[in-house]
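Student: Sending over upload33.txt (compact mmCIF, C-alpha atoms).
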```
# COMPACT_ATOMS: atom_id res chain seq x y z
CA MET S 1 28.11 31.30 -20.40
CA THR S 2 27.39 29.86 -16.96
CA GLU S 3 25.75 33.12 -15.88
CA MET S 4 23.28 32.86 -18.80
CA LEU S 5 22.68 29.16 -18.30
CA VAL S 6 21.44 29.42 -14.72
CA PRO S 7 18.42 31.71 -15.40
CA VAL S 8 17.54 29.72 -18.53
CA LEU S 9 17.51 26.47 -16.56
CA ALA S 10 15.55 28.11 -13.76
CA ALA S 11 12.91 29.37 -16.20
CA ALA S 12 12.72 25.95 -17.84
CA ALA S 13 12.32 24.27 -14.44
CA ILE S 14 9.49 26.62 -13.46
CA ALA S 15 7.74 26.07 -16.80
CA ALA S 16 8.11 22.28 -16.49
CA THR S 17 6.73 22.35 -12.94
CA LEU S 18 3.69 24.38 -13.97
CA LEU S 19 3.10 21.99 -16.87
CA VAL S 20 3.27 18.98 -14.54
CA TRP S 21 0.81 20.59 -12.14
CA GLY S 22 -1.57 21.46 -14.97
CA LEU S 23 -1.51 17.93 -16.37
CA SER S 24 -2.01 16.51 -12.86
CA ALA S 25 -5.05 18.72 -12.29
CA ALA S 26 -6.46 17.62 -15.66
CA ARG S 27 -6.07 13.93 -14.73
CA GLY S 28 -7.78 14.56 -11.42
CA TRP S 29 -10.62 16.44 -13.07
CA ARG S 30 -11.27 13.55 -15.48
CA ALA S 31 -11.44 11.17 -12.49
CA ARG S 32 -14.18 13.07 -10.65
CA GLY S 33 -16.97 10.78 -9.50
CA ARG S 34 -15.02 7.51 -9.72
CA ALA S 35 -14.83 7.12 -5.93
CA THR S 36 -18.59 6.97 -5.45
CA GLY S 37 -21.29 4.45 -6.11
CA SER S 38 -22.82 1.44 -4.37
CA LEU S 39 -22.75 -2.23 -5.31
CA GLU S 40 -24.53 -3.47 -2.22
CA ALA S 41 -27.92 -4.27 -3.72
CA SER S 42 -28.00 -7.98 -4.59
CA VAL S 43 -26.16 -9.81 -1.82
CA GLU S 44 -28.95 -10.92 0.51
CA ALA S 45 -28.52 -14.58 -0.46
CA GLY S 46 -24.85 -14.46 -1.32
CA PRO S 47 -22.38 -17.32 -0.80
CA LEU S 48 -20.74 -17.99 2.55
CA VAL S 49 -17.69 -15.81 3.13
CA SER S 50 -14.86 -16.98 5.38
CA ILE S 51 -13.02 -13.99 6.86
CA LEU S 52 -9.45 -14.90 7.77
CA VAL S 53 -7.83 -12.62 10.36
CA PRO S 54 -4.14 -13.35 11.03
CA ALA S 55 -3.28 -11.79 14.39
CA TRP S 56 0.22 -11.89 15.85
CA ASN S 57 0.76 -9.81 19.02
CA GLU S 58 -2.48 -7.95 18.29
CA GLU S 59 -4.03 -7.98 21.76
CA ALA S 60 -4.57 -4.21 21.59
CA VAL S 61 -6.63 -4.20 18.39
CA LEU S 62 -8.14 -7.64 17.77
CA ALA S 63 -11.37 -7.16 19.74
CA ARG S 64 -12.02 -3.84 17.99
CA CYS S 65 -11.58 -5.53 14.60
CA VAL S 66 -13.99 -8.33 15.48
CA ARG S 67 -16.61 -5.95 16.87
CA ALA S 68 -16.61 -4.19 13.50
CA VAL S 69 -16.94 -7.53 11.68
CA GLN S 70 -19.99 -8.32 13.82
CA THR S 71 -21.74 -5.21 12.44
CA LEU S 72 -21.47 -6.39 8.82
CA ARG S 73 -24.74 -6.28 6.91
CA TYR S 74 -23.72 -9.22 4.75
CA PRO S 75 -25.80 -12.14 6.11
CA ARG S 76 -23.55 -15.18 5.55
CA TRP S 77 -20.08 -14.99 7.03
CA GLU S 78 -17.77 -16.81 9.38
CA CYS S 79 -14.60 -15.43 10.90
CA VAL S 80 -11.44 -17.46 11.57
CA LEU S 81 -9.02 -15.76 13.97
CA VAL S 82 -5.53 -17.19 13.50
CA ALA S 83 -3.98 -15.79 16.67
CA GLY S 84 -0.69 -16.03 18.51
CA GLY S 85 2.33 -14.17 19.80
CA SER S 86 3.97 -13.31 23.09
CA ASP S 87 1.00 -11.34 24.44
CA ARG S 88 -2.61 -12.42 25.11
CA THR S 89 -3.76 -12.35 21.49
CA PHE S 90 -4.79 -16.02 21.44
CA GLU S 91 -6.67 -15.69 24.76
CA VAL S 92 -8.56 -12.68 23.37
CA ALA S 93 -9.39 -14.64 20.20
CA THR S 94 -10.62 -17.61 22.25
CA ALA S 95 -12.92 -15.39 24.30
CA LEU S 96 -14.33 -13.75 21.17
CA ALA S 97 -14.97 -17.17 19.61
CA ALA S 98 -16.72 -18.42 22.74
CA ALA S 99 -19.14 -15.51 22.62
CA ASP S 100 -20.14 -15.85 18.94
CA PRO S 101 -20.68 -19.16 17.08
CA ARG S 102 -19.74 -17.50 13.78
CA ILE S 103 -16.18 -16.99 15.07
CA ALA S 104 -13.45 -19.61 15.44
CA ALA S 105 -9.99 -19.29 16.99
CA VAL S 106 -6.91 -21.12 15.71
CA ARG S 107 -3.53 -20.87 17.42
CA GLN S 108 -1.03 -19.32 15.01
CA GLU S 109 2.42 -20.77 14.56
CA PRO S 110 5.29 -18.21 14.41
CA ALA S 111 5.91 -18.63 10.67
CA GLY S 112 4.63 -15.40 9.14
CA LYS S 113 1.41 -14.06 7.67
CA ASN S 114 1.03 -16.46 4.73
CA ALA S 115 1.48 -19.49 6.96
CA ALA S 116 -1.22 -18.08 9.25
CA LEU S 117 -3.54 -17.55 6.28
CA ASN S 118 -3.03 -21.18 5.26
CA GLN S 119 -4.00 -22.27 8.77
CA GLY S 120 -7.16 -20.20 8.46
CA LEU S 121 -7.84 -21.47 4.94
CA ALA S 122 -7.73 -25.07 6.18
CA ALA S 123 -10.47 -24.25 8.69
CA ALA S 124 -12.58 -22.12 6.32
CA ARG S 125 -15.82 -23.40 4.77
CA GLY S 126 -16.70 -20.47 2.54
CA GLU S 127 -16.84 -20.23 -1.23
CA LEU S 128 -15.39 -16.74 -0.88
CA ILE S 129 -12.31 -15.99 1.21
CA ALA S 130 -11.74 -12.56 2.79
CA LEU S 131 -8.32 -11.57 4.10
CA LEU S 132 -8.53 -8.94 6.82
CA ASP S 133 -5.69 -7.46 8.86
CA ALA S 134 -6.28 -7.47 12.61
CA ASP S 135 -5.75 -3.71 12.88
CA CYS S 136 -8.55 -2.85 10.40
CA VAL S 137 -12.02 -1.59 11.32
CA VAL S 138 -14.51 -2.29 8.54
CA ASP S 139 -17.69 -0.39 7.72
CA PRO S 140 -20.98 -2.35 7.90
CA ALA S 141 -21.24 -2.33 4.08
CA TRP S 142 -17.63 -3.48 3.51
CA LEU S 143 -18.31 -7.15 2.82
CA SER S 144 -21.56 -6.56 0.92
CA GLN S 145 -19.77 -4.21 -1.45
CA LEU S 146 -16.92 -6.65 -2.07
CA ALA S 147 -19.24 -9.65 -2.50
CA ALA S 148 -21.29 -7.71 -5.06
CA ALA S 149 -18.10 -7.03 -7.04
CA ILE S 150 -17.31 -10.76 -7.02
CA GLY S 151 -20.86 -11.42 -8.17
CA GLY S 152 -20.21 -8.98 -11.01
CA GLY S 153 -17.34 -11.08 -12.33
CA ALA S 154 -14.25 -10.15 -10.32
CA ASP S 155 -12.00 -12.93 -9.04
CA ALA S 156 -10.33 -10.74 -6.41
CA CYS S 157 -11.30 -7.32 -5.13
CA PHE S 158 -10.46 -4.80 -2.45
CA GLY S 159 -11.85 -1.57 -1.09
CA THR S 160 -10.72 1.81 0.05
CA TYR S 161 -9.15 2.68 3.37
CA GLN S 162 -8.80 5.65 5.66
CA PRO S 163 -5.78 6.22 7.91
CA GLU S 164 -6.23 6.79 11.60
CA PRO S 165 -5.45 9.14 13.12
CA LEU S 166 -5.61 11.74 10.35
CA THR S 167 -2.54 13.96 10.77
CA TRP S 168 -0.37 15.91 8.38
CA VAL S 169 1.80 12.81 7.99
CA SER S 170 -1.01 10.33 7.40
CA ARG S 171 -2.56 12.60 4.76
CA GLN S 172 0.13 11.28 2.44
CA PHE S 173 -1.57 7.90 2.79
CA VAL S 174 -4.81 9.49 1.55
CA ILE S 175 -2.98 11.19 -1.33
CA ASP S 176 -1.32 7.94 -2.42
CA ARG S 177 -4.60 6.04 -2.24
CA VAL S 178 -6.61 8.59 -4.27
CA VAL S 179 -3.89 9.01 -6.90
CA ALA S 180 -3.31 5.27 -7.35
CA TYR S 181 -6.84 3.90 -7.25
CA VAL S 182 -9.22 6.75 -8.05
CA VAL S 183 -7.25 8.88 -10.51
CA ARG S 184 -4.97 6.34 -12.20
CA GLY S 185 -7.18 3.27 -11.94
CA SER S 186 -4.74 0.88 -10.27
CA THR S 187 -6.04 -2.54 -9.23
CA THR S 188 -3.02 -3.55 -7.14
CA LEU S 189 -4.33 -5.59 -4.21
CA HIS S 190 -3.50 -4.21 -0.78
CA GLY S 191 -3.30 -6.23 2.38
CA GLY S 192 -5.79 -4.47 4.63
CA GLY S 193 -8.87 -6.16 3.24
CA ILE S 194 -9.13 -8.43 0.18
CA LEU S 195 -11.90 -10.76 -1.02
CA LEU S 196 -11.15 -13.67 -3.37
CA ARG S 197 -13.00 -16.56 -4.87
CA ARG S 198 -11.68 -19.83 -3.47
CA SER S 199 -11.20 -20.85 -7.10
CA ALA S 200 -8.81 -17.90 -7.48
CA ILE S 201 -6.69 -19.28 -4.65
CA ASP S 202 -6.77 -22.66 -6.38
CA ALA S 203 -5.55 -20.99 -9.58
CA ILE S 204 -2.44 -19.64 -7.84
CA GLY S 205 -1.52 -22.95 -6.23
CA GLY S 206 -4.29 -23.64 -3.73
CA ARG S 207 -2.55 -21.91 -0.85
CA PHE S 208 -0.49 -18.88 0.07
CA PRO S 209 3.26 -19.59 -0.30
CA ASP S 210 4.73 -20.18 3.16
CA ALA S 211 8.18 -19.17 1.97
CA VAL S 212 6.96 -15.61 1.35
CA VAL S 213 7.16 -13.92 4.73
CA VAL S 214 7.40 -10.23 3.71
CA GLY S 215 5.52 -8.28 1.07
CA THR S 216 2.69 -10.80 1.17
CA ASP S 217 -0.02 -8.53 -0.26
CA TRP S 218 2.18 -7.43 -3.17
CA ASP S 219 3.16 -11.06 -3.73
CA LEU S 220 -0.51 -12.08 -3.85
CA ASP S 221 -1.25 -9.31 -6.35
CA ARG S 222 1.53 -10.50 -8.67
CA ARG S 223 0.38 -14.12 -8.51
CA VAL S 224 -3.25 -13.18 -9.21
CA ALA S 225 -2.18 -11.02 -12.16
CA ARG S 226 0.06 -13.72 -13.61
CA ALA S 227 -2.80 -16.22 -13.41
CA GLY S 228 -4.87 -13.90 -15.62
CA LEU S 229 -7.53 -13.34 -12.96
CA ARG S 230 -9.71 -10.26 -12.86
CA LYS S 231 -9.06 -7.73 -10.08
CA ALA S 232 -11.34 -4.88 -9.06
CA PHE S 233 -11.18 -1.81 -6.85
CA VAL S 234 -14.44 -1.22 -4.95
CA PRO S 235 -14.53 2.36 -3.61
CA GLY S 236 -17.67 1.75 -1.55
CA ALA S 237 -16.00 -1.01 0.52
CA ARG S 238 -14.38 1.04 3.27
CA HIS S 239 -12.27 0.33 6.31
CA SER S 240 -9.88 2.26 8.50
CA THR S 241 -6.36 1.25 9.42
CA PRO S 242 -3.67 2.66 11.75
CA TYR S 243 -1.04 4.71 9.96
CA PRO S 244 2.03 6.61 11.17
CA ALA S 245 0.90 9.83 12.81
CA THR S 246 4.32 11.43 13.32
CA LEU S 247 7.35 11.92 11.10
CA ARG S 248 9.38 9.51 13.25
CA GLU S 249 6.75 6.78 12.89
CA PHE S 250 6.57 7.44 9.15
CA VAL S 251 10.34 7.08 8.72
CA ARG S 252 10.39 3.75 10.60
CA ASN S 253 7.33 2.46 8.73
CA GLU S 254 8.74 3.49 5.34
CA LEU S 255 12.00 1.64 6.03
CA ARG S 256 10.12 -1.54 6.96
CA TRP S 257 7.93 -1.26 3.88
CA ARG S 258 10.85 -0.57 1.53
CA ARG S 259 12.68 -3.66 2.75
CA ALA S 260 9.60 -5.78 2.05
CA HIS S 261 8.97 -4.19 -1.35
CA LEU S 262 12.57 -4.61 -2.47
CA ILE S 263 12.53 -8.31 -1.59
CA ALA S 264 9.23 -8.77 -3.45
CA ALA S 265 10.44 -6.83 -6.50
CA LEU S 266 13.58 -8.94 -6.74
CA ARG S 267 11.55 -12.12 -6.25
CA PHE S 268 9.23 -11.48 -9.19
CA GLY S 269 11.54 -9.42 -11.38
CA ASP S 270 8.53 -7.76 -13.07
CA TRP S 271 10.85 -4.99 -14.24
CA ARG S 272 12.88 -7.32 -16.46
CA PRO S 273 10.43 -7.74 -19.39
CA ARG S 274 9.90 -3.97 -19.44
CA GLY S 275 13.49 -3.31 -20.47
CA LEU S 276 16.11 -1.07 -18.99
CA ALA S 277 13.86 2.01 -18.73
CA GLY S 278 11.12 0.07 -16.93
CA GLY S 279 13.62 -1.51 -14.57
CA LEU S 280 15.24 1.81 -13.70
CA ARG S 281 11.84 3.36 -13.05
CA ASP S 282 10.50 0.52 -10.90
CA LEU S 283 13.65 0.26 -8.78
CA MET S 284 14.33 4.01 -8.63
CA PRO S 285 13.86 4.34 -4.83
CA TYR S 286 16.76 1.91 -4.36
CA TRP S 287 19.39 3.01 -6.88
CA LEU S 288 18.77 6.77 -7.09
CA PRO S 289 19.92 7.59 -3.52
CA TRP S 290 23.22 5.80 -4.10
CA ALA S 291 23.67 7.31 -7.57
CA THR S 292 23.10 10.75 -6.06
CA LEU S 293 25.62 10.16 -3.29
CA LEU S 294 28.23 8.86 -5.74
CA GLY S 295 27.58 11.83 -8.04
CA ILE S 296 28.11 14.33 -5.24
CA ILE S 297 31.31 12.61 -4.14
CA ALA S 298 32.60 12.51 -7.74
CA ALA S 299 31.79 16.19 -8.24
CA ALA S 300 33.57 17.12 -5.01
CA PHE S 301 36.75 15.33 -6.06
CA ALA S 302 36.56 16.71 -9.63
CA PHE S 303 35.83 20.29 -8.67
CA LYS S 304 39.42 21.50 -8.70
CA PRO S 305 40.87 19.63 -11.72
CA PHE S 306 37.63 19.55 -13.80
CA PRO S 307 35.33 22.33 -12.58
CA ARG S 308 33.05 22.34 -15.62
CA ALA S 309 32.50 18.59 -15.42
CA ALA S 310 31.75 18.89 -11.71
CA TRP S 311 29.19 21.62 -12.39
CA VAL S 312 27.57 19.49 -15.09
CA VAL S 313 27.17 16.59 -12.66
CA LEU S 314 25.67 18.85 -9.98
CA ILE S 315 23.30 20.52 -12.46
CA VAL S 316 22.12 17.14 -13.79
CA LEU S 317 21.51 15.91 -10.25
CA GLY S 318 19.65 19.09 -9.36
CA LEU S 319 17.45 18.96 -12.46
CA THR S 320 16.71 15.27 -11.94
CA HIS S 321 15.62 15.70 -8.34
CA GLY S 322 13.76 18.90 -9.14
CA TRP S 323 11.78 17.13 -11.85
CA LEU S 324 10.97 14.21 -9.57
CA LEU S 325 9.82 16.52 -6.77
CA ALA S 326 7.67 18.52 -9.21
CA ARG S 327 5.99 15.33 -10.41
CA ARG S 328 5.49 14.19 -6.85
CA THR S 329 3.88 17.44 -5.72
CA GLY S 330 1.53 17.10 -8.70
CA GLN S 331 -0.23 14.41 -6.65
CA VAL S 332 -1.90 17.14 -4.60
CA PHE S 333 -3.42 18.68 -7.73
CA GLU S 334 -4.77 15.26 -8.73
CA VAL S 335 -6.42 14.82 -5.33
CA ALA S 336 -7.79 18.37 -5.23
CA ALA S 337 -9.23 18.20 -8.74
CA SER S 338 -10.72 14.71 -8.37
CA SER S 339 -12.37 15.53 -5.04
CA GLY S 340 -13.29 19.13 -5.81
CA ASP S 341 -11.69 20.14 -2.50
CA TRP S 342 -8.99 22.64 -3.40
CA ARG S 343 -8.00 23.00 0.26
CA TRP S 344 -5.70 20.06 -0.44
CA LEU S 345 -3.33 22.57 -2.04
CA ARG S 346 -2.33 23.57 1.50
CA PHE S 347 -0.38 20.30 1.56
CA ILE S 348 1.50 20.82 -1.70
CA TRP S 349 4.76 20.52 0.24
CA LEU S 350 3.88 17.16 1.79
CA PRO S 351 4.65 14.81 -1.15
CA ALA S 352 8.09 16.39 -1.54
CA VAL S 353 8.89 15.79 2.14
CA THR S 354 7.69 12.19 2.05
CA MET S 355 9.58 11.56 -1.19
CA VAL S 356 12.83 12.55 0.50
CA VAL S 357 12.02 10.06 3.28
CA MET S 358 11.12 7.41 0.68
CA LEU S 359 14.43 7.79 -1.14
CA ALA S 360 16.41 7.74 2.10
CA ALA S 361 14.54 4.61 3.23
CA GLY S 362 15.06 2.99 -0.18
CA GLY S 363 18.79 3.57 0.01
CA ALA S 364 18.93 2.19 3.54
CA ALA S 365 16.81 -0.83 2.52
CA VAL S 366 19.49 -1.88 0.02
CA LEU S 367 21.88 -2.36 2.92
CA SER S 368 19.41 -3.83 5.40
CA PHE S 369 16.71 -5.81 3.56
CA GLY S 370 17.98 -8.93 5.33
CA ARG S 371 16.50 -7.48 8.53
CA ALA S 372 12.93 -7.56 7.18
CA SER S 373 10.57 -8.98 9.81
CA PRO S 374 8.09 -11.77 9.00
CA HIS S 375 5.63 -10.08 11.39
CA PHE S 376 5.27 -6.78 9.55
CA GLN S 377 3.37 -4.28 11.67
CA GLY S 378 2.90 -0.55 11.57
CA PRO S 379 1.80 1.61 14.49
CA ARG S 380 -0.72 0.25 16.95
CA PRO S 381 -2.81 1.97 19.63
CA GLY S 382 -0.81 2.35 22.81
CA ARG S 383 2.47 1.51 21.09
CA THR S 384 5.22 4.09 20.80
```
Can you present the structure in this file as structure tokens?
Tutor:
Amino acid sequence: MTEMLVPVLAAAAIAATLLVWGLSAARGWRARGRATGSLEASVEAGPLVSILVPAWNEEAVLARCVRAVQTLRYPRWECVLVAGGSDRTFEVATALAAADPRIAAVRQEPAGKNAALNQGLAAARGELIALLDADCVVDPAWLSQLAAAIGGGADACFGTYQPEPLTWVSRQFVIDRVVAYVVRGSTTLHGGGILLRRSAIDAIGGRFPDAVVVGTDWDLDRRVARAGLRKAFVPGARHSTPYPATLREFVRNELRWRRAHLIAALRFGDWRPRGLAGGLRDLMPYWLPWATLLGIIAAAFAFKPFPRAAWVVLIVLGLTHGWLLARRTGQVFEVAASSGDWRWLRFIWLPAVTMVVMLAAGGAAVLSFGRASPHFQGPRPGRT
């Protein structure tokens, strides 16, 4: 019986994988053309935009960020640098402010990103508020594109982003971005660059909650959504951001991010109204690694007294992980089909590798989320 079961399950797994890949390619094909288009036309006399840049220990990247801001084609902007840390970040911010009257420098207190944004908000004069991470380099059309989306009715909007440098590891960042925003139409705000109406900030309490020190972008997204405000993804608003370039950097970055996400997920409990299935799906990166480990241990102890039961446990675990990996690798077909660049299929193995890292980091985050840092930073130029 077991000898017949193995080839049947193998054939079923292959058929399921091919089906997943086919459906993924179909989704990508339907999404072709969504990542193009320009909204920049009618912003010549737009409202004043205050760009808030929280910068903590960002001496290496702050000047580069500001130089990019100074190339913006949007005519009415001011930039508030909320700078601090143990390096020369505040001195760099002060020098940049002295050289350009559109820029102001505020000394940041060591209380986390949201507290820094509130400091910047208190000094801002604009009707629109842009949140920009200090490690981002924006394109000249970035703010014009976002402001046009606000003019079109959005309360909060964000653009697309490109990792730098582009390596085999950071390509997963591109895959995740295309799948989430281009193919599947997500409007989840991300922290690299966001533009909001000041009235939208008023609707969520008039300030960014100081008590939230990790997962701030995800927290903002949940608060905006719960207030019933309109969010928009603007593919023409582009910026670049540093991203892990090596597997070691990716592992460390994923662990930091999983700690922050777990804290935010528990804070909002968005999975609760969706029932047991929704909760299990949303929190899968955190419970599945431990369930897998417990299953393997149980099967090992049961192998001698209950061999059939042990085999059932191992087969269920294998099928579960095989299905998840097949779905994950389907991301590459979505990207290839939506972009028309089938060379992406060379990286069909990449989502499976990064998923293993994600699950390992999720399991570790359960034990270490108390170590989440309020000054969440990924890789920076010159930093190992």
Student: Report as a list in words all protein, DNA and RNA residues lying within 7 Å of segment 136-138 of chain S, evaluated on all atoms listed in the file, omitting residues in the same chain fewer than 4 positions from it.
Tutor: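 Here the qualifying residues turn out to be Cys65, Ala68, Val69, Trp142, Gly192, Arg238, His239, Ser240 and Thr241 of chain S.
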Student: Filtering to C-alpha atoms, could you give me those residues as a PDB file, in the frame of the given file?
Tutor:
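And here is the file that came out, result_9.pdb:
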```
ATOM      1  CA  CYS S  65     -11.580  -5.530  14.600  1.00  0.00           C
ATOM      2  CA  ALA S  68     -16.610  -4.190  13.500  1.00  0.00           C
ATOM      3  CA  VAL S  69     -16.940  -7.530  11.680  1.00  0.00           C
ATOM      4  CA  TRP S 142     -17.630  -3.480   3.510  1.00  0.00           C
ATOM      5  CA  GLY S 192      -5.790  -4.470   4.630  1.00  0.00           C
ATOM      6  CA  ARG S 238     -14.380   1.040   3.270  1.00  0.00           C
ATOM      7  CA  HIS S 239     -12.270   0.330   6.310  1.00  0.00           C
ATOM      8  CA  SER S 240      -9.880   2.260   8.500  1.00  0.00           C
ATOM      9  CA  THR S 241      -6.360   1.250   9.420  1.00  0.00           C
TER      10      THR S 241
END
```
Student: Using all atoms listed in the file, which protein or nucleic acid residues come within 8 Å of Thr188 of chain S? Drop anything in the same chain fewer than 3 positions from it, and give the result as a list in words.
Tutor: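 The residues that qualify are Trp218, Asp221 and Lys231 of chain S.
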Student: At most 10 Å is the cut-off: for each residue in segment 173-230 of chain S with any atom that close to an atom of segment 255-261 of chain S, write down the nearest atom pair and the distance in Å rounded to one decimal, counting all atoms listed in the file, chain first then increasing number, as a Markdown table.
Tutor:
```
| residue | atom | partner | partner_atom | distance |
| --- | --- | --- | --- | --- |
| S:Val213 | CA | S:Ala260 | CA | 8.9 |
| S:Val214 | CA | S:Ala260 | CA | 5.2 |
| S:Gly215 | CA | S:Ala260 | CA | 4.9 |
| S:Thr216 | CA | S:Ala260 | CA | 8.6 |
| S:Trp218 | CA | S:His261 | CA | 7.7 |
| S:Asp219 | CA | S:His261 | CA | 9.3 |
```
Student: Suppose you want the space between atom CA of Ala124 of chain S and atom CA of Leu195 of chain S; what is it in Å?
Tutor: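 Going from atom CA of Ala124 of chain S over to atom CA of Leu195 of chain S, I get 13.5 Å.
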Student: Interatomic distance between atom CA of Val20 of chain S and atom CA of Phe233 of chain S?
Tutor: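 Going from atom CA of Val20 of chain S over to atom CA of Phe233 of chain S, I get 26.5 Å.
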Student: Determine the nearest neighbour of Thr17 of chain S from the options S:Trp287, S:Tyr243, S:Phe333, S:Phe301, counting all atoms listed in the file.
Tutor: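 Once distances to Thr17 of chain S are computed over all atoms listed in the file, the minimum belongs to S:Phe333.
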Student: Residues within 7 Å of Ala299 of chain S, please, as a list in words. Count only C-alpha atoms; anything in the same chain fewer than 5 positions from it doesn't count.
Tutor: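 Once the adjacent positions are removed, what remains is Ala310, Val313 and Leu314 of chain S.
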Student: Identify the residues within 10 Å of coordinate (-7.7, -10.6, -12.6) (same frame as the file), considering all atoms listed in the file, and give the answer as a list in words.
Tutor: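 The answer, in the requested form, is Gly153, Ala154, Asp155, Ala156, Cys157, Thr187, Ala200, Asp221, Arg223, Val224, Ala225, Arg226, Ala227, Gly228, Leu229, Arg230, Lys231 and Ala232 of chain S.
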Student: Any idea what's packed within 8 Å of segment 317-329 of chain S, counting only C-alpha atoms, ignoring anything in its chain fewer than 6 positions away? Could you give it as a list in words?
Tutor: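 After dropping sequence-adjacent residues, the list is Ala13, Ala16, Thr17, Val20, Trp21, Thr292, Gly295, Ile348, Trp349, Leu350, Pro351, Ala352 and Met355 of chain S.
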Student: Using all atoms listed in the file for the distances, tell me which of S:Pro165, S:Pro75, S:Pro47, S:Pro289 is nearest to Pro244 of chain S.
Tutor: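 Of the candidates, the smallest distance to Pro244 of chain S is held by S:Pro165.
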Student: For the atom pair atom CA of Gly330 of chain S and atom CA of Ser24 of chain S, what is the interatomic distance in Å to one decimal place?
Tutor: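 Calculated distance between atom CA of Gly330 of chain S and atom CA of Ser24 of chain S is 5.5 Å.
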Student: Can you list, as a ChimeraX atom specification, every protein, DNA or RNA residue that comes within 7 Å of Ala361 of chain S when you count only C-alpha atoms, leaving out same-chain residues fewer than 2 positions away?
Tutor: /S:254-255,258,357-359,363-365
Student: Enumerate, as number ranges by chain, the protein, DNA and RNA residues whose atoms approach (-8.9, 6.9, -4.8) to within 12 Å, taking into account only C-alpha atoms and the coordinate frame of the file.
Tutor: S: 28, 31-36, 159-162, 173-187, 233-238, 331, 334-339
Student: Determine the nearest neighbour of Asp139 of chain S from the options S:Leu72, S:Asp100, S:Thr167, S:Phe250, counting all atoms listed in the file.
Tutor: S:Leu72
Student: Which residue is closest to Ser368 of chain S? Choose from S:Val251, S:Cys79, S:Leu189, S:Leu262 and count all atoms listed in the file.
Tutor: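 Among the listed residues, the smallest separation from Ser368 of chain S belongs to S:Leu262.
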Student: Would you compute, for all listed atoms of segment 317-331 of chain S, the axis-aligned bounding box grown by 5 Å on each side, and then report its centre and edge lengths in Å rounded to one decimal, as lines of an AutoDock Vina configuration file?
Tutor:
```
center_x = 10.6
center_y = 16.6
center_z = -9.1
size_x = 31.7
size_y = 14.9
size_z = 16.7
```
Student: Counting all atoms listed in the file, which of S:Val169, S:Ala63, S:Ile201, S:Leu128 gets nearest to Gly151 of chain S?
Tutor: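 Of S:Val169, S:Ala63, S:Ile201, S:Leu128, the one nearest Gly151 of chain S, counting all atoms listed in the file, is S:Leu128.
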Student: Would you mind telling me which residue in S:Trp77, S:Asp217, S:Val8, S:Ala25 lies nearest to Trp342 of chain S when using all atoms listed in the file?
Tutor: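 So, comparing all the options, the nearest one is S:Ala25.
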